Amino acid sequence: MGFRTIRIFSAMGIACMLFLYLDAKAQYSIEQLQSFLKKPITDSTRVEILNELSWEYLVISPEEAFNYAEQAEKISKNIGFVQGEATSYNRKAVALELFGRYSEAISFYEKAFDLRFSMADTIGAANVLLNIGAAYFTQGYFEPALKYYLQCVRLKEISSQKSDNTMAKAYNNIGLVYRAKRENREAVSWYKRSLRIKQKINDVVGVSNTMINISLAFQNLNLPDSALLYTDSAFAIVKENGLEKQIAGILVNKAAFLKDQKKYEASEALLADAFEWLKIYPDEQVMIYALKQQAENWTREEKYSRAVENLKQAIEISSRLNLREILQASYEELAAVYEQSGDLKKALQTYRLSSQLKDSLFNSESERSLNELQTIYATSKKEESIARLNDENKNKDLLIRQSRERNFFLFIITFITFLALLALLYSLRTNKKYNKRLEAQNKIIEDALAEKELLLKEIHHRVKNNLQVISGLLYLQSKNISDEKIADVVNEGRNRVKSMALIHQKMYQQDNLTGVNMTEYINELAGNVVSSHQTGVQNIELIVDSDPLFLDVDTAIPLGLIINELLTNATKYAFKLAEVEKPKISIRLKLLDNLLKLSVSDNGSGISDAEAVFKTNNSFGLKLIDSLAKKLRAELGIQTNNGTMVTLDIYKFKLSKNG
């Protein structure tokens, strides 16, 4: 749990704070505004009142808000009241967003922008650009959102009108997009620009929110000290300025920091405070993550029934709010608690629910990515059409101007030029048809490649799921075996299956479908193996030193199985016969010219006749290592100085395209 779950919660919470430009807030109640409409007033005043009523109804009834804005639009057009018309478009767009009709909303925002720009109202135009970016961001279309946020920044930079508040919001929203794209260093840079402006204009709420955003980006960069510094700063500002509604969320975040630093008592104390604040200022999303984090604490203390109750509450809230990613993670955590408590039937049932949700989320993400590509393509084609139309108009103007300047004595030259233009137009027409056919063919190829990539990801996803089912079945089988040796054999088989499943998991979670990121894979595999076998020896230090390699699947799978076997042997036997003050296991994977070199070493008791053991031992694990080494055309070596080190010089391996 830890950073990962809290990170999701905070990203969603801050994303909900995206700025929507809605002009000035109403100063009168709905009843007062409606009474003003019954009095003799000018048309422009009537427009302003209708727009204010639209504002008031946005939360109460978006449909009524849209109707009032539409009335304001009609009157504004009749009397030529451009500012009122622009405001009505903005109100209608926000109402449509609340209905989830984003395409229509963006259309009205663009109309509002055109009017604001024609009025030389650069502040208003910049704020509308923020709205358009927010509409795209809400749908998960990050590239179009970033484009409009950057346009807002450029418009403000060339404008003589100043609005520090607008710039601060634009910088913050750009940071949100980069963090959503997992470009966290870039996100921190933009957040800090926003923070400097907010500190300058004394925007206390904005300062605390941006500090939390910076903290989350540092979490993603695995810089916990920097993240905690900004979290503490935000907490101090919130307490000093009485912003009590934000206290619970910050407490939950800070509790996660302390828990990851193994300061469990301090973490639980902060969680207890957070629950008290949530009673005063309820926030269901903060409640979800407080419940999940407390469930993790109770699981660690083996209070399984309490952990189950917390996770069930988190699942109920997530389901009601339709927070599908959080719901899937909660089911996965609940299944793990059931498994640890020994209720294997419920664990398997809950794992199945989690797997079904994960499949659904994968399909939704694929559909969202395709829609974003279509949106980007449509936007770029529209811009190309406009640019082409402008160029054609310029050429026509030039030809007309030249024709007026010519006289009768240059008639022959004009005639020749005319013939040349005809030939040029014919050539352009022919090229245009060819370009259209070429674009159509490229689109077919792009669609085929995109479909192939989706299918490959789906295949890896399915293979991983099937291997996980096999692993689960082996685990259940091992629980019914009384013979410890046979149970160990089954569990070792389960670890081998998990090592292969992890490869397919890495394949569909990354953009590169042709190979496996070995640094990430070895770290996760080694952590799983060592943690699953640390029964007699605690706190084995694991050191992984790997070149940044992407290996083909046919190389990664046998290599992963070899590492699994060597780590299993080391954790089971290296520290069994002699006590070691600081037990260590090291894994190194290096590419030296045309040689891939693997070594797995420990500082344990060592083996008296290591080579004889590897040559004569009839265990399945050592036979498997020998067989896989032959497949990779690897030379196997072993050293027993200050422990045991097994080396493989691999001559048959294949790097992926990104390797």
# chains A, B, ... in the order shown; residues from 1 in each chain; ligands from 1
>>> residues_around(residues="stretch 59-73 of chain A", least_positions_apart="4", cutoff="7 Å", atoms="only C-alpha atoms", output="VMD selection string")
chain A and resid 47 50 to 51 53 to 55 77 85 88 91 to 92 95 98
>>> residues_around(residues="stretch 113-121 of chain A", least_positions_apart="3", cutoff="8 Å", atoms="only C-alpha atoms", output="JSON, numbers by chain")
{"A": [82, 83, 86, 109, 110, 124, 125, 128, 129]}
>>> write_last_selection(atoms="N, CA and C atoms", output="mmCIF file, in the first residue's frame")
data_model
loop_
_atom_site.group_PDB
_atom_site.id
_atom_site.type_symbol
_atom_site.label_atom_id
_atom_site.label_comp_id
_atom_site.auth_asym_id
_atom_site.auth_seq_id
_atom_site.Cartn_x
_atom_site.Cartn_y
_atom_site.Cartn_z
ATOM 1 N N VAL A 82 -21.485 41.851 -26.603
ATOM 2 C CA VAL A 82 -20.495 40.801 -26.814
ATOM 3 C C VAL A 82 -20.044 40.175 -25.489
ATOM 4 N N GLN A 83 -19.813 40.990 -24.469
ATOM 5 C CA GLN A 83 -19.347 40.462 -23.188
ATOM 6 C C GLN A 83 -20.383 39.517 -22.575
ATOM 7 N N ALA A 86 -20.331 36.216 -24.475
ATOM 8 C CA ALA A 86 -19.169 35.396 -24.111
ATOM 9 C C ALA A 86 -19.392 34.703 -22.772
ATOM 10 N N TYR A 109 -16.878 26.683 -25.305
ATOM 11 C CA TYR A 109 -15.694 27.367 -24.790
ATOM 12 C C TYR A 109 -14.946 28.080 -25.929
ATOM 13 N N GLU A 110 -14.841 27.408 -27.073
ATOM 14 C CA GLU A 110 -14.132 28.016 -28.202
ATOM 15 C C GLU A 110 -14.845 29.282 -28.685
ATOM 16 N N GLY A 124 -9.637 37.242 -19.827
ATOM 17 C CA GLY A 124 -10.783 36.367 -20.039
ATOM 18 C C GLY A 124 -10.477 35.257 -21.024
ATOM 19 N N ALA A 125 -9.785 35.595 -22.122
ATOM 20 C CA ALA A 125 -9.438 34.582 -23.124
ATOM 21 C C ALA A 125 -8.516 33.527 -22.531
ATOM 22 N N VAL A 128 -10.469 31.121 -20.397
ATOM 23 C CA VAL A 128 -11.242 30.162 -21.195
ATOM 24 C C VAL A 128 -10.326 29.042 -21.693
ATOM 25 N N LEU A 129 -9.095 29.379 -22.077
ATOM 26 C CA LEU A 129 -8.137 28.343 -22.473
ATOM 27 C C LEU A 129 -7.890 27.364 -21.331
#
>>> select_by_dssp(residues="stretch 287-325 of chain A", states="helix (DSSP H, G or I)", output="VMD selection string")
chain A and resid 287 to 300 304 to 320 324 to 325
>>> atom_distance(atom1="atom CA of A:Pro548", atom2="atom CA of A:Leu636")
23.1 Å
>>> residues_around(residues="stretch 151-160 of chain A", least_positions_apart="5", cutoff="9 Å", atoms="only C-alpha atoms", output="JSON, numbers by chain")
{"A": [122, 123, 125, 126, 127, 128, 129, 130, 146, 166, 167, 170, 171]}
>>> residues_around(residues="A:Asn131", least_positions_apart="2", cutoff="10 Å", atoms="only C-alpha atoms", output="VMD selection string")
chain A and resid 18 to 22 90 93 to 94 105 to 106 109 to 110 125 to 129 133 to 137 145 148 to 149
>>> atom_distance(atom1="atom CA of A:Gly140", atom2="atom CA of A:Gly100")
13.0 Å
>>> residues_around(residues="stretch 208-225 of chain A", least_positions_apart="3", cutoff="6 Å", atoms="only C-alpha atoms", output="list of chain:residue names")
A:Asn184, A:Val188, A:Val205, A:Leu228, A:Tyr230, A:Thr231, A:Ala234
>>> write_last_selection(atoms="N, CA, C and O atoms", output="short mmCIF file (atom, residue, chain, number, x, y, z; two decimals), in the first residue's frame")
data_model
loop_
_atom_site.label_atom_id
_atom_site.label_comp_id
_atom_site.auth_asym_id
_atom_site.auth_seq_id
_atom_site.Cartn_x
_atom_site.Cartn_y
_atom_site.Cartn_z
N ASN A 184 7.68 13.40 -13.66
CA ASN A 184 7.55 14.09 -12.38
C ASN A 184 8.56 15.23 -12.20
O ASN A 184 8.26 16.20 -11.52
N VAL A 188 7.48 19.02 -11.18
CA VAL A 188 8.01 19.80 -10.05
C VAL A 188 8.41 21.20 -10.51
O VAL A 188 8.15 22.20 -9.84
N VAL A 205 -4.54 29.16 0.36
CA VAL A 205 -5.08 27.85 -0.04
C VAL A 205 -4.29 27.31 -1.23
O VAL A 205 -3.94 26.13 -1.28
N LEU A 228 8.45 14.75 2.28
CA LEU A 228 8.00 15.00 3.65
C LEU A 228 8.18 16.47 4.02
O LEU A 228 7.35 17.04 4.73
N TYR A 230 7.85 19.13 2.07
CA TYR A 230 6.74 19.91 1.52
C TYR A 230 5.42 19.57 2.20
O TYR A 230 4.56 20.43 2.37
N THR A 231 5.24 18.30 2.58
CA THR A 231 4.02 17.93 3.31
C THR A 231 3.94 18.65 4.65
O THR A 231 2.90 19.18 5.04
N ALA A 234 3.10 22.32 4.09
CA ALA A 234 1.68 22.50 3.78
C ALA A 234 0.85 22.37 5.05
O ALA A 234 -0.10 23.14 5.28
#
